[in-house]
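Student: final27.json is reproduced in full below (JSON, C-alpha atoms).
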```json
[["chain", "number", "residue", "atom", "x", "y", "z"],
["A", 1, "MET", "CA", 16.13, 9.06, 21.51],
["A", 2, "ALA", "CA", 12.82, 9.33, 23.31],
["A", 3, "ASN", "CA", 9.58, 11.03, 22.32],
["A", 4, "PHE", "CA", 7.83, 13.67, 24.40],
["A", 5, "VAL", "CA", 4.55, 15.57, 24.19],
["A", 6, "VAL", "CA", 4.64, 19.30, 24.85],
["A", 7, "TYR", "CA", 1.22, 20.72, 25.75],
["A", 8, "ALA", "CA", 1.28, 24.48, 26.24],
["A", 9, "LEU", "CA", -1.66, 26.78, 26.92],
["A", 10, "ASP", "CA", -1.46, 30.51, 26.35],
["A", 11, "LYS", "CA", -2.15, 33.12, 28.98],
["A", 12, "PRO", "CA", -5.52, 34.84, 28.47],
["A", 13, "ASP", "CA", -5.69, 37.56, 25.83],
["A", 14, "ARG", "CA", -2.28, 36.79, 24.30],
["A", 15, "GLU", "CA", -3.39, 36.31, 20.68],
["A", 16, "THR", "CA", -1.78, 39.54, 19.42],
["A", 17, "VAL", "CA", 1.51, 38.75, 21.17],
["A", 18, "ARG", "CA", 1.36, 35.17, 19.86],
["A", 19, "LEU", "CA", 0.97, 36.42, 16.30],
["A", 20, "GLU", "CA", 3.91, 38.83, 16.74],
["A", 21, "HIS", "CA", 6.17, 35.96, 17.84],
["A", 22, "ARG", "CA", 4.82, 33.31, 15.44],
["A", 23, "PRO", "CA", 7.45, 33.68, 12.67],
["A", 24, "ALA", "CA", 10.30, 33.37, 15.20],
["A", 25, "HIS", "CA", 8.53, 30.47, 16.92],
["A", 26, "ARG", "CA", 8.17, 28.60, 13.64],
["A", 27, "ALA", "CA", 11.83, 29.20, 12.80],
["A", 28, "HIS", "CA", 12.78, 27.91, 16.27],
["A", 29, "LEU", "CA", 11.03, 24.63, 15.43],
["A", 30, "ARG", "CA", 12.59, 24.25, 11.99],
["A", 31, "GLU", "CA", 15.96, 26.04, 11.93],
["A", 32, "HIS", "CA", 17.95, 25.34, 15.03],
["A", 33, "ASP", "CA", 21.11, 24.00, 16.57],
["A", 34, "HIS", "CA", 19.54, 22.38, 19.65],
["A", 35, "PRO", "CA", 19.30, 18.60, 20.13],
["A", 36, "VAL", "CA", 15.48, 18.48, 20.09],
["A", 37, "VAL", "CA", 13.63, 17.58, 16.88],
["A", 38, "ALA", "CA", 10.00, 18.60, 16.47],
["A", 39, "LYS", "CA", 8.21, 15.70, 14.74],
["A", 40, "VAL", "CA", 4.58, 16.85, 14.80],
["A", 41, "GLY", "CA", 2.96, 20.01, 16.07],
["A", 42, "GLY", "CA", 0.55, 22.83, 15.68],
["A", 43, "PRO", "CA", -1.55, 25.39, 17.45],
["A", 44, "LEU", "CA", -4.40, 24.45, 19.77],
["A", 45, "LEU", "CA", -7.63, 26.24, 18.86],
["A", 46, "ASP", "CA", -10.70, 27.30, 20.76],
["A", 47, "ALA", "CA", -14.24, 26.77, 19.41],
["A", 48, "LYS", "CA", -13.96, 29.95, 17.31],
["A", 49, "GLY", "CA", -10.67, 28.87, 15.72],
["A", 50, "THR", "CA", -8.51, 31.26, 17.75],
["A", 51, "MET", "CA", -5.05, 29.95, 18.65],
["A", 52, "ILE", "CA", -4.89, 29.31, 22.40],
["A", 53, "GLY", "CA", -1.82, 27.11, 22.80],
["A", 54, "SER", "CA", 0.55, 24.63, 21.20],
["A", 55, "LEU", "CA", 0.93, 20.87, 20.98],
["A", 56, "PHE", "CA", 4.15, 19.22, 19.86],
["A", 57, "ILE", "CA", 5.61, 15.78, 19.71],
["A", 58, "VAL", "CA", 9.37, 16.04, 19.89],
["A", 59, "GLU", "CA", 12.30, 13.67, 19.90],
["A", 60, "ALA", "CA", 15.05, 14.26, 22.46],
["A", 61, "GLU", "CA", 17.52, 12.47, 24.71],
["A", 62, "THR", "CA", 15.98, 13.76, 27.94],
["A", 63, "ALA", "CA", 13.04, 15.68, 29.34],
["A", 64, "ALA", "CA", 15.56, 18.31, 30.49],
["A", 65, "ALA", "CA", 16.55, 18.89, 26.86],
["A", 66, "VAL", "CA", 12.87, 19.42, 26.00],
["A", 67, "GLU", "CA", 12.51, 21.85, 28.90],
["A", 68, "ASP", "CA", 15.50, 23.84, 27.57],
["A", 69, "PHE", "CA", 14.01, 23.77, 24.07],
["A", 70, "VAL", "CA", 10.68, 25.12, 25.31],
["A", 71, "ALA", "CA", 12.37, 27.73, 27.54],
["A", 72, "GLY", "CA", 14.16, 29.09, 24.45],
["A", 73, "ASP", "CA", 11.02, 29.19, 22.32],
["A", 74, "PRO", "CA", 9.94, 32.71, 21.33],
["A", 75, "TYR", "CA", 6.49, 32.03, 22.82],
["A", 76, "SER", "CA", 8.10, 31.32, 26.20],
["A", 77, "LEU", "CA", 10.47, 34.25, 25.91],
["A", 78, "GLY", "CA", 7.58, 36.50, 24.80],
["A", 79, "ASP", "CA", 5.42, 35.55, 27.79],
["A", 80, "VAL", "CA", 2.75, 33.90, 25.63],
["A", 81, "TYR", "CA", 2.53, 30.57, 27.44],
["A", 82, "GLY", "CA", 0.70, 30.41, 30.74],
["A", 83, "SER", "CA", 1.39, 26.73, 31.34],
["A", 84, "VAL", "CA", 3.56, 24.05, 29.75],
["A", 85, "ASP", "CA", 3.32, 20.32, 30.41],
["A", 86, "ILE", "CA", 5.93, 17.88, 29.10],
["A", 87, "HIS", "CA", 5.33, 14.13, 29.17],
["A", 88, "PRO", "CA", 7.15, 11.11, 27.75],
["A", 89, "LEU", "CA", 5.25, 9.48, 24.89],
["A", 90, "SER", "CA", 5.10, 5.84, 23.88],
["A", 91, "TRP", "CA", 3.93, 5.81, 20.25],
["A", 92, "GLY", "CA", 0.94, 3.60, 19.61],
["A", 93, "LEU", "CA", -0.88, 4.68, 16.46],
["A", 94, "GLY", "CA", 0.82, 6.59, 13.67],
["A", 95, "ASN", "CA", 4.43, 6.10, 14.73],
["A", 96, "PRO", "CA", 6.42, 8.03, 12.12],
["A", 97, "GLY", "CA", 9.44, 5.83, 12.79],
["A", 98, "ILE", "CA", 7.68, 2.81, 11.31],
["A", 99, "GLY", "CA", 5.71, 4.37, 8.48],
["A", 100, "GLY", "CA", 2.55, 5.17, 10.42],
["A", 101, "LEU", "CA", 1.75, 1.57, 11.34],
["A", 102, "VAL", "CA", 0.26, 0.64, 14.70],
["A", 103, "ASP", "CA", 3.02, -0.22, 17.16],
["A", 104, "GLY", "CA", 2.76, -1.48, 20.73]]
```
Could I get this structure in the form of structure tokens?
Tutor:
Amino acid sequence: MANFVVYALDKPDRETVRLEHRPAHRAHLREHDHPVVAKVGGPLLDAKGTMIGSLFIVEAETAAAVEDFVAGDPYSLGDVYGSVDIHPLSWGLGNPGIGGLVDG
């Protein structure tokens, strides 16, 4: 399995819609039958503390699996996200697979 970063920014003025979809979004991350496992994640905040996006580190076989996972997320389906970037990640600091120790 490989690790990927998902960096998603909301469209402008989508806070109300984001909050409406948040319970389903959180369930999508935790209770699922897809092959992607969310390891770390949370909302991105602006300077006032308003949620403006999402950041996740996920484990999956392929980037395509992550793309499918994100496409099925209630935030994607609810037209919350304005942009989504997915990148492979090579753990350096805090690798949960080795107890948070620094790894190459």
Student: For CA of Phe4 in chain A and CA of Val70 in chain A, determine how far apart the two atoms are, in Å to one decimal place.
Tutor: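 The value is 11.8 Å.
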Student: Report the distance between CA of Gly82 in chain A and CA of Ala63 in chain A in Å, rounded to one decimal place.
Tutor: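 Computing it gives 19.3 Å between the two atoms.
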Student: Using all atoms listed in the file, pick whichever of A:Ile86, A:Leu45, A:Leu93, A:Ala38 has the shortest atom-to-atom distance to Ile57 in chain A.
Tutor: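 Among the listed residues, A:Ala38 lies closest to Ile57 in chain A.
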Student: For range 63-101 of chain A versus range 7-13 of chain A, which residues have an atom no more than 10 Å away, and what is each residue's nearest atom pair and distance in Å rounded to one decimal, using all atoms listed in the file, chain-then-number order, as CSV?
Tutor:
```
residue,atom,partner,partner_atom,distance
A:Val70,CA,A:Ala8,CA,9.5
A:Tyr75,CA,A:Asp10,CA,8.8
A:Ser76,CA,A:Asp10,CA,9.6
A:Asp79,CA,A:Lys11,CA,8.0
A:Val80,CA,A:Asp10,CA,5.5
A:Tyr81,CA,A:Asp10,CA,4.1
A:Gly82,CA,A:Lys11,CA,4.3
A:Ser83,CA,A:Leu9,CA,5.4
A:Val84,CA,A:Ala8,CA,4.2
A:Asp85,CA,A:Tyr7,CA,5.1
A:Ile86,CA,A:Tyr7,CA,6.4
A:His87,CA,A:Tyr7,CA,8.5
```
Student: Write out as a VMD selection string the residues lying within 10 Å of Arg22 in chain A, counting all atoms listed in the file and excluding same-chain residues fewer than 5 positions away.
Tutor: chain A and resid 16 to 17 27 to 28 74 to 75
Student: Kindly indicate which residue among A:Val36, A:Leu19, A:Ile52, A:Ala71 lies nearest to Ala2 in chain A, using all atoms listed in the file for the distances.
Tutor: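 Ranking A:Val36, A:Leu19, A:Ile52, A:Ala71 by distance to Ala2 in chain A, first place goes to A:Val36.
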Student: Between CA of Val66 in chain A and CA of Val6 in chain A, what is the distance, to one decimal in Å?
Tutor: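 Here the two named atoms are 8.3 Å from each other.
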Student: Using all atoms listed in the file for the distances, tell me which of A:Gly78, A:Pro43, A:Gly94, A:Pro88 is nearest to Ala24 in chain A.
Tutor: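 Among the listed residues, A:Gly78 lies closest to Ala24 in chain A.
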Student: Which is closer to Pro35 in chain A than all the others in A:His21, A:Ala47, A:Asn95, A:Thr62, using all atoms listed in the file?
Tutor: A:Thr62
Student: Nearest to Arg26 in chain A among A:Asn3, A:Arg14, A:Leu77, A:Gly42, with distances taken over all atoms listed in the file: which residue is it?
Tutor: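 Ranked by minimum distance to Arg26 in chain A, first place goes to A:Gly42.
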Student: Restricting the calculation to only C-alpha atoms, which member of A:Leu89, A:Leu44, A:Val37, A:Leu29 is positioned closest to Ala60 in chain A?
Tutor: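 Residue with the minimum atom-to-atom distance to Ala60 in chain A: A:Val37.
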